[in-house]
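*Asks:* Sharing a structure below in structure tokens format, with a few things to ask.
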Amino acid sequence: MKRLVLLGWMLTVALGAGWGQVTSERVRVLYPRPELAAYAERVAREAEAALDLLEPLFGVREGPVVLRINDTVDVFNAYATTVPRRTVELLAPVPAGAVVDLRSPSVSYLLLVHELTHTRQLSFRERPGGQPPLRLGLATELSAPMPPAWFVEGLATFMESRFTPGGRLDWAFTQGLINALLEEDRFPDLAEMSLYTYRDWPSGLTRYLLGVRFVQDLIERRGWDAVLNALREYNTGLVAPPLFAEAWRRANGRALADEWHDWVERERRRTAAYAEAALPRGETVVSGRDPVLSPDGRRLAFVRRSGVWVAARDGSGARRLAPVHPQRLWWGDESTLIYSRYFREGDGVASDVFALDVATGRETRLTRGRHARLAAPGPEGCVYFVRDRAGEAAALGRLCAGRVEEVWRAPGGEHLVGLALSPGGRVALAVAHGGVVDVALLEGGRLRYLAAGPLDVVPPARAPDPCAGGGAELGTGYRRDRYQHLQPTWDGDGALLFLGDEGGVFDLYRMEMPEGRVTRLSATLGGIVGAAAHQGAYVVAELRGQGYGIYPLAPLGEPVRAAAPDAGPGGEACSETMPANWRAPERPLERAPYRPWSSLKPYGWLPTNFSVAANPPYLGLELSVYGLDDSRVYSYRAALGYDPTLAGTSYGAYAYVEAGAGAGVDLVGRTAPLGFTLRGGAWPSRGEVVFGVVPGLASTGFWDRWNWRARFEAGPVWSAAAGWRLSYGGFVRAGREGRDAWGYLTGGGYGGVYGGPGSVWGLAGAAWKWGGRDLALEARFAGGTGTPVPVGAGAVGDAAALEARLRYWTLPRWRTPDGWLALERLTLAPGVHGRYDPAAGALGYGADLGIYADTVLFYMVPLPLGVRAGWDGGWWWRLELGPW
């Protein structure tokens with residue numbers, strides 16, 4: 001026991017070691033290693049500048065915002081929460097490729113404006129007439145009710161577009177997506193836009209890119225007060241929020257459905273102008289993106305949602321090679337594909353270089369721990385890659401014969417977001433700097449920018465202006481005169497292809513060298529998202545209403561030239577331009593080691609257990625108080641309960657405390673690859689109350705596409721019925737499983753073992769899925785005389801039992817007009833089981849059928865409600881919540 005407690009103490013110290021913090025007036029920035037201190041100070045200043053803009057709009061200023069830098073994740077992203085405190089977690093500081101608008105001088109500032117809008121909006125709890133919100137000390141009451149998905153993400157994306165020169169309101173990809181959806185009559189309706197569980201194309205993009213255009217339209221025509229008034233009405237629900245559409249009507253006097261209809265018609269007119277200017281596209285050969293032609297030009301490799309595929313150049317004979325998603329795909333030689341990709345590793349997400357054998361589909365990892373992105377093959381079997389992390393200068397690396405070396409380091413403020421090498425070894429880069437993205441050649445250790453400046457191409461229709469109409473009342477904004485030249489691709493050694501956004505959507509351009517003459521090759525409706533060239537012929541992927549389509553391109557061949565920057569739309573309220581060397585205002589900052597203790601005070605309570613029976617009548621209730629530090633490493637739960645059916649305690653009362661370091665005891669705590677837990681006090685166990693102190697170990701993590709979860713605890717406990725005994729339990733589970741929002745298996749499989757008190761044991765068998773997403777099978781084998789520690793949802797407890805369930809989905813898709821309540825599908829789950837009791841020498845068997853209504857409540861709460869009935873020596877039925 002002493003050794004286990006000592007191990008726990010060592011883990012606690014190790015998990016918290018190295019964290020520092022930067023503190024300003026309204027912000028605390030936590031960073032995990034000393035090298036990030038300067039970056040943390042910049043983040044603090046940018047966050048203060050963002051709050052200067054946002055707080056007057058919402059009138060919310062409650063407590064400091066915690067910004068946590070997570071350098072275990074190489075993916076560019078961030079997320080915000082108000083539980084337990086207003087917190088923003090920042091991941092990689094720059095994207096790999098064209099995954100977000102890069103027209104702001106500081107992409108991290110754009111990201112902070114977006115995420116801090118979430119914290120302000122979710123902290124806005126005002127009601128009509130200035131009524132204060134009801135406060136009961138609940139763990140979740142710092143957060144306002146969650147509005148529909150299109151509003152939450154659309155509002156934050158509008159703010160990023162309103163207060164920086166970039167943002168996705170007038171992003172070329174946004175316009176292309178809207179064009180493609182309207183052209184093919186696949187535009188989502190208001191209910192689909194509202195649901196957080198919406199998964200049809202364009203799934204998660206819907207709430208951001210379509211949401212920002214709808215929010216901008218509402219603000220332009222109704223003003224900012226219309227947004228706040230709708231939120232006030234939405235906050236009036238006591239138990240559940242009202243329909244957001246009804247809150248909008250009550251606040252602003254017009255049905256949201258009418259606002260939606262008018263906006264869609266305005267977008268349709270804009271799309272019609274693009275359709276008139278677009279050239280006819282070629283015949284699609286395959287669906288997918290990132291097309292690349294083999295060195296002999298006969299084969300086509302590309303990427304789909306299901307992974308990397310290869311086919312003949314005409315699309316015939318397509319076959320999947322591997323279920324992976326590269327950042328950019330290249331042929332290394334006739335038999336090998338080269339790329340970098342993200343993968344889960346431990347409790348983070350890494351990026352490294354891989355090679356894929358086209359004949360066998362075998363993947364080989366070429367680098368380890370290099371944070372390598374945008375890998376591209378060079379001459380003599382070498383592979384080049386980009387490394388760009390927080391607190392470091394961007395760098396170009398090269399891997400040759402297993403040896404890695406740094407080729408070039410970028411000046412401060414420049415980020416590499418594209419890479420291509422010519423057959424002769426010339427290095428082309430897409431460089432984000434000062435709010436634009438330019439294509440450049442790396443020559444003699446220096447960059448030579450090629451098409452610097454915007455191209456003289458006029459969009460068919462004017463993009464929405466974030467400062468127009470009621471948007472002007474929000475204060476000073478910025479000109480929309482930035483440009484992006486992305487995805488360099490060589491056409492032999494003498495010409496370079498790239499994507500440009502000056503035409504309103506991304507189109508393909510070709511630059512001849514050394515003359516520098518630029519030719520526009522495409523005029524598309526949806527926009528080009530990838531291109532390849534071979535001996536003067538071009539293959540491109542275009543954004544479509546169902547995803548991406550690949551086809552041969554008949555080049556337009558229109559010469560274009562660089563143009564002077566446009567003055568940009570907008571009046572005086574939006575006439576200023578953010579300078580390229582933008583810095584947030586200087587503010588007093590304090591740098592110090594991080595200490596978790598000040599943030600470990602309780603932040604709220606929740607009911608955690610409730611039981612009731614009519615005969616004999618009784619009521620059982622448990623309440624828990626939660627605590628979590630700002631690093632999410634340390635957490636605890638203090639519980640007080642009452643259950644008169646429990647043996648061994650006066651009046652059925654009990655109390656205990658659970659604490660963890662890297663073990664996720666808290667509602668939102670973090671479970672690390674190795675964590676420590678400790679439970680002490682009196683708690684229910686197998687129908688009685690036991691007293692004791694039980695330490696444990698917990699682990700959650702990933703090996704690339706595999707995941708594991710494990711937990712084990714053991715310690716002495718005392719009960720009135722049995723005296724002292726050893727209490728133990730645990731499980732180990734691993735798999736390559738995917739699950740949907742309702743918890744159902746959607747792909748892969750899993751396996752595990754578990755054990756617990758009363759000689760309980762089990763194998764939480766395997767799971768398979770086939771037939772697309774419509775059919776799955778799960779099986780379990782378990783035994784013992786008590787209740788086992790569950791490996792998944794539910795548990796079995798006979799002497800020995802084998803159970804199997806088949807699961808099939810149907811899609812009724814009934815929704816209220818704005819998505820407040822939705823029935824997304826019905827799940828049918830027939831099952832069979834057999835069991836054997838050695839003590840009685842009896843063999844039993846049975847069959848059952850479960851029918852589940854997979855619903856969504858309040859736009860965002862997935863809830864599978866089911867009834868299961870069957871025969872097992874007699875007929876039975878029960879209600880169930882959640883999958884097996």
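Identifiers for the structure tokens are assigned positionally: chains receive A, B, ... in sequence, residues are indexed from 1 per chain, and ligands are indexed from 1 in the order shown.
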Determine, counting only C-alpha atoms, which protein, DNA and RNA residues have an atom within 9 Å of an atom of Gly547 (chain A); residues of the same chain fewer than 2 positions away are not included. Present the result as an NGL selection string.

*Replies:* :A and (201-202 or 287-289 or 542-545 or 549)

*Asks:* Enumerate as a list in words all residues of region 441-516 of chain A assigned to helix (DSSP H, G or I) by DSSP on the backbone, naming them with the chain letters and numbers the document uses.

*Replies:*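 Helix (DSSP H, G or I) members of region 441-516 of chain A, listed: Gly469, Gly470, Gly471, Ala472, Glu473 and Leu474 of chain A.
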
*Asks:* I need the residues from that last selection saved to file as a PDB file, in the first residue's frame (with N, CA, C and O atoms), if you can.

*Replies:*
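Listed below is the output, part23.pdb:
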```pdb
ATOM      1  N   GLY A 469     -24.855  47.774 -43.264  1.00  0.00           N
ATOM      2  CA  GLY A 469     -26.101  47.882 -42.523  1.00  0.00           C
ATOM      3  C   GLY A 469     -25.873  47.974 -41.035  1.00  0.00           C
ATOM      4  O   GLY A 469     -25.065  48.769 -40.544  1.00  0.00           O
ATOM      5  N   GLY A 470     -26.584  47.140 -40.269  1.00  0.00           N
ATOM      6  CA  GLY A 470     -26.456  47.159 -38.816  1.00  0.00           C
ATOM      7  C   GLY A 470     -25.098  46.729 -38.325  1.00  0.00           C
ATOM      8  O   GLY A 470     -24.755  46.957 -37.161  1.00  0.00           O
ATOM      9  N   GLY A 471     -24.282  46.113 -39.191  1.00  0.00           N
ATOM     10  CA  GLY A 471     -22.945  45.721 -38.767  1.00  0.00           C
ATOM     11  C   GLY A 471     -22.033  46.902 -38.529  1.00  0.00           C
ATOM     12  O   GLY A 471     -21.052  46.802 -37.780  1.00  0.00           O
ATOM     13  N   ALA A 472     -22.333  48.049 -39.145  1.00  0.00           N
ATOM     14  CA  ALA A 472     -21.485  49.228 -38.992  1.00  0.00           C
ATOM     15  C   ALA A 472     -21.496  49.756 -37.566  1.00  0.00           C
ATOM     16  O   ALA A 472     -20.538  50.395 -37.131  1.00  0.00           O
ATOM     17  N   GLU A 473     -22.561  49.494 -36.818  1.00  0.00           N
ATOM     18  CA  GLU A 473     -22.662  50.031 -35.457  1.00  0.00           C
ATOM     19  C   GLU A 473     -21.727  49.337 -34.481  1.00  0.00           C
ATOM     20  O   GLU A 473     -21.589  49.782 -33.341  1.00  0.00           O
ATOM     21  N   LEU A 474     -21.061  48.266 -34.903  1.00  0.00           N
ATOM     22  CA  LEU A 474     -20.154  47.551 -34.005  1.00  0.00           C
ATOM     23  C   LEU A 474     -18.785  48.196 -33.919  1.00  0.00           C
ATOM     24  O   LEU A 474     -17.921  47.696 -33.198  1.00  0.00           O
TER      25      LEU A 474
END
```

*Asks:* Using only C-alpha atoms, determine which residues lie at most 9 Å from region 139-145 of chain A, disregarding the query and same-chain residues fewer than 2 positions distant; provide the list as JSON, numbers by chain.

*Replies:* {"A": [81, 82, 83, 84, 85, 86, 119, 121, 122, 123, 124, 125, 126, 134, 135, 136, 137, 147, 234, 235, 237, 240, 241, 602, 603, 604, 605, 606, 625, 626]}

*Asks:* Could you turn the residues from that selection into a file that holds N, CA, C and O atoms, as a tab-separated table (two decimals), in the first residue's frame?

*Replies:*
```
chain	number	residue	atom	x	y	z
A	81	THR	N	-14.92	26.70	-23.46
A	81	THR	CA	-15.93	26.15	-22.57
A	81	THR	C	-16.13	27.12	-21.42
A	81	THR	O	-15.25	27.93	-21.11
A	82	THR	N	-17.28	27.05	-20.79
A	82	THR	CA	-17.53	27.82	-19.57
A	82	THR	C	-17.59	26.93	-18.34
A	82	THR	O	-17.89	27.40	-17.25
A	83	VAL	N	-17.34	25.61	-18.51
A	83	VAL	CA	-17.36	24.67	-17.39
A	83	VAL	C	-15.96	24.11	-17.20
A	83	VAL	O	-15.40	23.54	-18.13
A	84	PRO	N	-15.34	24.23	-16.02
A	84	PRO	CA	-15.90	24.85	-14.82
A	84	PRO	C	-15.73	26.36	-14.79
A	84	PRO	O	-16.35	27.05	-13.99
A	85	ARG	N	-14.85	26.89	-15.65
A	85	ARG	CA	-14.63	28.32	-15.76
A	85	ARG	C	-14.51	28.67	-17.23
A	85	ARG	O	-14.41	27.77	-18.08
A	86	ARG	N	-14.50	29.96	-17.53
A	86	ARG	CA	-14.35	30.38	-18.91
A	86	ARG	C	-12.93	30.06	-19.36
A	86	ARG	O	-11.97	30.66	-18.89
A	119	THR	N	-17.05	32.35	-25.25
A	119	THR	CA	-17.11	32.54	-23.79
A	119	THR	C	-18.00	33.71	-23.42
A	119	THR	O	-18.70	33.67	-22.41
A	121	GLN	N	-20.62	34.93	-25.31
A	121	GLN	CA	-22.02	34.60	-25.63
A	121	GLN	C	-22.59	33.60	-24.64
A	121	GLN	O	-23.74	33.73	-24.19
A	122	LEU	N	-21.81	32.58	-24.25
A	122	LEU	CA	-22.30	31.58	-23.32
A	122	LEU	C	-22.33	32.10	-21.88
A	122	LEU	O	-22.86	31.43	-21.00
A	123	SER	N	-21.74	33.25	-21.64
A	123	SER	CA	-21.84	33.90	-20.33
A	123	SER	C	-22.96	34.94	-20.30
A	123	SER	O	-23.21	35.53	-19.25
A	124	PHE	N	-23.59	35.19	-21.43
A	124	PHE	CA	-24.66	36.18	-21.51
A	124	PHE	C	-25.96	35.52	-21.05
A	124	PHE	O	-26.62	34.80	-21.80
A	125	ARG	N	-26.34	35.79	-19.80
A	125	ARG	CA	-27.51	35.13	-19.21
A	125	ARG	C	-28.63	36.11	-18.88
A	125	ARG	O	-29.53	35.78	-18.11
A	126	GLU	N	-28.56	37.29	-19.44
A	126	GLU	CA	-29.61	38.27	-19.18
A	126	GLU	C	-30.97	37.78	-19.68
A	126	GLU	O	-31.05	36.98	-20.61
A	134	LEU	N	-31.30	32.86	-12.43
A	134	LEU	CA	-31.45	32.09	-11.21
A	134	LEU	C	-30.13	31.41	-10.88
A	134	LEU	O	-29.51	30.77	-11.73
A	135	ARG	N	-29.68	31.53	-9.63
A	135	ARG	CA	-28.42	30.93	-9.22
A	135	ARG	C	-28.66	29.92	-8.10
A	135	ARG	O	-29.20	30.28	-7.05
A	136	LEU	N	-28.27	28.67	-8.32
A	136	LEU	CA	-28.39	27.62	-7.32
A	136	LEU	C	-27.06	26.98	-6.99
A	136	LEU	O	-27.01	26.02	-6.24
A	137	GLY	N	-25.98	27.46	-7.57
A	137	GLY	CA	-24.67	26.87	-7.33
A	137	GLY	C	-24.39	25.62	-8.12
A	137	GLY	O	-23.44	24.89	-7.84
A	147	PRO	N	-27.65	27.86	-27.80
A	147	PRO	CA	-28.49	28.09	-28.98
A	147	PRO	C	-28.19	27.08	-30.09
A	147	PRO	O	-27.29	26.24	-29.96
A	234	TYR	N	-34.33	33.77	-25.22
A	234	TYR	CA	-33.93	32.35	-25.19
A	234	TYR	C	-33.53	31.94	-23.78
A	234	TYR	O	-33.62	30.76	-23.43
A	235	ASN	N	-33.08	32.86	-22.96
A	235	ASN	CA	-32.65	32.55	-21.59
A	235	ASN	C	-33.81	32.40	-20.62
A	235	ASN	O	-33.58	32.15	-19.44
A	237	GLY	N	-36.18	30.09	-20.41
A	237	GLY	CA	-36.60	28.74	-20.04
A	237	GLY	C	-36.07	28.35	-18.67
A	237	GLY	O	-34.90	28.57	-18.36
A	240	ALA	N	-35.93	23.83	-19.64
A	240	ALA	CA	-35.43	23.67	-21.01
A	240	ALA	C	-35.58	24.99	-21.74
A	240	ALA	O	-36.52	25.74	-21.49
A	241	PRO	N	-34.67	25.29	-22.65
A	241	PRO	CA	-34.79	26.54	-23.41
A	241	PRO	C	-35.97	26.46	-24.36
A	241	PRO	O	-36.36	25.38	-24.81
A	602	PRO	N	-14.17	24.32	-4.99
A	602	PRO	CA	-15.34	23.76	-5.66
A	602	PRO	C	-16.00	24.77	-6.60
A	602	PRO	O	-16.04	25.96	-6.31
A	603	TYR	N	-16.48	24.29	-7.72
A	603	TYR	CA	-17.12	25.19	-8.67
A	603	TYR	C	-18.61	24.91	-8.85
A	603	TYR	O	-19.29	25.61	-9.60
A	604	GLY	N	-19.15	23.88	-8.18
A	604	GLY	CA	-20.58	23.65	-8.28
A	604	GLY	C	-20.94	22.22	-7.93
A	604	GLY	O	-20.08	21.37	-7.68
A	605	TRP	N	-22.26	21.96	-7.86
A	605	TRP	CA	-22.74	20.64	-7.49
A	605	TRP	C	-23.74	20.14	-8.53
A	605	TRP	O	-24.30	20.91	-9.31
A	606	LEU	N	-23.96	18.81	-8.51
A	606	LEU	CA	-24.95	18.17	-9.38
A	606	LEU	C	-25.48	16.93	-8.68
A	606	LEU	O	-24.76	16.29	-7.90
A	625	VAL	N	-20.19	17.49	-5.19
A	625	VAL	CA	-19.55	18.78	-5.39
A	625	VAL	C	-18.26	18.54	-6.16
A	625	VAL	O	-17.49	17.63	-5.82
A	626	TYR	N	-18.00	19.35	-7.21
A	626	TYR	CA	-16.89	19.11	-8.11
A	626	TYR	C	-15.81	20.18	-7.99
A	626	TYR	O	-16.10	21.35	-7.72
```

*Asks:* Have a look at A:Gly391, A:Pro165, A:Pro323, A:Gly530 and name the one nearest to Glu363 (chain A); count only C-alpha atoms.

*Replies:*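 Nearest candidate to Glu363 (chain A) out of A:Gly391, A:Pro165, A:Pro323, A:Gly530: A:Pro323.
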
*Asks:* Env of Glu89 (chain A): 6 Å cut, atoms = only C-alpha atoms, seq-sep filter 6 positions within chain, self excluded. Answer as a ChimeraX atom specification.

*Replies:* /A:67-69,78-79

*Asks:* Export N, CA, C and O atoms of the chosen residues as a PDB file, in the first residue's frame?

*Replies:*
```
ATOM      1  N   LEU A  67      -6.601  30.746 -20.557  1.00  0.00           N
ATOM      2  CA  LEU A  67      -6.143  30.290 -21.867  1.00  0.00           C
ATOM      3  C   LEU A  67      -5.069  29.236 -21.633  1.00  0.00           C
ATOM      4  O   LEU A  67      -4.071  29.501 -20.970  1.00  0.00           O
ATOM      5  N   ARG A  68      -5.288  28.056 -22.160  1.00  0.00           N
ATOM      6  CA  ARG A  68      -4.369  26.941 -21.922  1.00  0.00           C
ATOM      7  C   ARG A  68      -3.743  26.518 -23.245  1.00  0.00           C
ATOM      8  O   ARG A  68      -4.438  26.184 -24.199  1.00  0.00           O
ATOM      9  N   ILE A  69      -2.421  26.558 -23.316  1.00  0.00           N
ATOM     10  CA  ILE A  69      -1.692  26.166 -24.530  1.00  0.00           C
ATOM     11  C   ILE A  69      -1.410  24.676 -24.459  1.00  0.00           C
ATOM     12  O   ILE A  69      -0.773  24.192 -23.510  1.00  0.00           O
ATOM     13  N   ALA A  78      -8.832  25.235 -31.748  1.00  0.00           N
ATOM     14  CA  ALA A  78      -9.017  25.706 -30.382  1.00  0.00           C
ATOM     15  C   ALA A  78     -10.446  25.385 -29.992  1.00  0.00           C
ATOM     16  O   ALA A  78     -11.297  25.156 -30.862  1.00  0.00           O
ATOM     17  N   TYR A  79     -10.712  25.361 -28.712  1.00  0.00           N
ATOM     18  CA  TYR A  79     -12.094  25.215 -28.280  1.00  0.00           C
ATOM     19  C   TYR A  79     -12.292  25.963 -26.980  1.00  0.00           C
ATOM     20  O   TYR A  79     -11.363  26.180 -26.206  1.00  0.00           O
TER      21      TYR A  79
END
```

*Asks:* If we count only C-alpha atoms and set the cut-off at 12 Å, which residues sit around region 337-339 of chain A, ignoring sequence neighbours fewer than 6 positions away in its own chain? Please answer as a compact mmCIF listing (two decimals) with C-alpha atoms, in the first residue's frame.

*Replies:*
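To be explicit, this is the file written out as out.txt:
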```
# COMPACT_ATOMS: atom_id res chain seq x y z
CA ASP A 290 -6.08 15.94 -53.61
CA PRO A 291 -5.60 14.27 -57.02
CA VAL A 292 -2.01 13.34 -57.94
CA LEU A 293 -0.84 11.64 -61.12
CA SER A 294 1.82 8.94 -61.10
CA PRO A 295 5.17 9.76 -62.75
CA ARG A 299 -2.60 6.27 -62.44
CA LEU A 300 -4.46 8.65 -60.21
CA ALA A 301 -4.18 8.71 -56.42
CA PHE A 302 -6.66 10.72 -54.38
CA VAL A 303 -8.27 11.03 -50.96
CA VAL A 308 -6.37 7.02 -49.70
CA TRP A 309 -7.45 5.50 -53.02
CA VAL A 310 -5.77 4.73 -56.33
CA LEU A 321 -5.14 1.56 -50.09
CA ALA A 322 -5.36 2.72 -46.45
CA VAL A 324 -5.79 7.45 -43.51
CA HIS A 325 -6.18 11.16 -44.32
CA PRO A 326 -3.00 12.91 -45.52
CA GLN A 327 -2.45 16.64 -45.32
CA ARG A 328 -1.20 16.55 -48.94
CA LEU A 329 -0.61 13.50 -51.13
CA TRP A 330 2.31 12.93 -53.55
CA TRP A 331 3.82 10.13 -55.64
CA SER A 351 2.16 14.63 -37.24
CA ASP A 352 4.88 12.70 -39.04
CA VAL A 353 5.94 11.53 -42.52
CA PHE A 354 4.70 8.24 -44.00
CA ALA A 355 5.23 6.19 -47.13
CA LEU A 356 2.47 4.01 -48.58
CA ASP A 357 3.16 1.01 -50.81
CA VAL A 358 0.66 1.21 -53.69
CA ALA A 359 0.74 -2.54 -54.37
CA THR A 360 0.20 -3.82 -50.82
CA GLY A 361 -1.33 -0.84 -48.99
CA ARG A 362 1.34 -1.15 -46.32
CA GLU A 363 2.16 2.11 -44.56
CA THR A 364 5.65 2.88 -43.20
CA ARG A 365 6.33 5.68 -40.75
CA LEU A 366 9.47 7.55 -41.84
CA THR A 367 9.87 10.07 -38.99
CA ALA A 372 6.52 17.07 -39.55
CA ARG A 373 3.80 18.52 -41.76
CA LEU A 374 3.15 18.99 -45.48
CA ALA A 375 5.69 16.35 -46.50
CA ALA A 376 6.70 16.31 -50.18
CA PRO A 377 9.18 14.08 -52.06
CA GLY A 378 12.37 15.56 -53.45
CA GLY A 381 14.78 9.68 -52.54
CA CYS A 382 14.72 12.54 -50.01
CA VAL A 383 11.56 13.86 -48.40
CA TYR A 384 11.08 17.50 -47.36
CA PHE A 385 8.69 18.63 -44.64
CA VAL A 386 7.61 21.67 -42.64
CA LEU A 419 5.31 22.91 -50.04
CA ALA A 420 6.15 21.38 -53.42
```

*Asks:* Please identify the strand (DSSP E) residues within region 356-452 of chain A (assignment by DSSP from backbone atoms) and present them as a PyMOL selection string.

*Replies:* chain A and resi 356-357+363-365+373-377+383-387+395-400+403-409+415-421+427-433+436-443+446-449

*Asks:* Env of Tyr656 (chain A): 10 Å cut, atoms = only C-alpha atoms, seq-sep filter 3 positions within chain, self excluded. Answer as a ChimeraX atom specification.

*Replies:* /A:624,637-641,679-684,691-693

*Asks:* Restrict the selected residues to C-alpha atoms and save them as a tab-separated table (two decimals), in the first residue's frame.

*Replies:*
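Output file out_23.tsv is given in full below:
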```tsv
chain	number	residue	atom	x	y	z
A	624	SER	CA	-21.69	15.66	-5.60
A	637	ARG	CA	-15.64	14.88	-6.39
A	638	ALA	CA	-17.10	15.01	-2.87
A	639	ALA	CA	-20.36	13.03	-2.61
A	640	LEU	CA	-23.06	12.92	0.05
A	641	GLY	CA	-25.79	10.31	-0.36
A	679	ARG	CA	-11.29	7.21	-2.99
A	680	GLY	CA	-11.88	7.58	0.74
A	681	GLY	CA	-14.85	7.58	3.11
A	682	ALA	CA	-18.02	5.48	2.98
A	683	TRP	CA	-19.68	4.49	-0.29
A	684	PRO	CA	-22.22	1.95	-1.62
A	691	PHE	CA	-15.61	2.20	4.71
A	692	GLY	CA	-12.02	2.55	3.55
A	693	VAL	CA	-9.39	4.19	1.38
```

*Asks:* Distance CA of Leu91 (chain A)-CA of Arg409 (chain A), one decimal place?

*Replies:*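 It comes out at 21.8 Å.
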
*Asks:* Using only C-alpha atoms, which of the listed residues (A:Arg28, A:Arg221, A:Arg313, A:Arg33) sits closest to Asp262 (chain A)?

*Replies:*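 Between A:Arg28, A:Arg221, A:Arg313, A:Arg33, the residue approaching Asp262 (chain A) most closely is A:Arg221.
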
*Asks:* Between CA of His118 (chain A) and CA of Leu30 (chain A), what is the spacing in Å?

*Replies:*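 Pair CA of Leu30 (chain A) / CA of His118 (chain A) returns 19.3 Å.
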
*Asks:* Find the residues near Leu843 (chain A): any atom within 10 Å, counting only C-alpha atoms, skip ones fewer than 6 places away on the same chain, and give them as an MDAnalysis selection string.

*Replies:* chainID A and resid 800:801 834:837
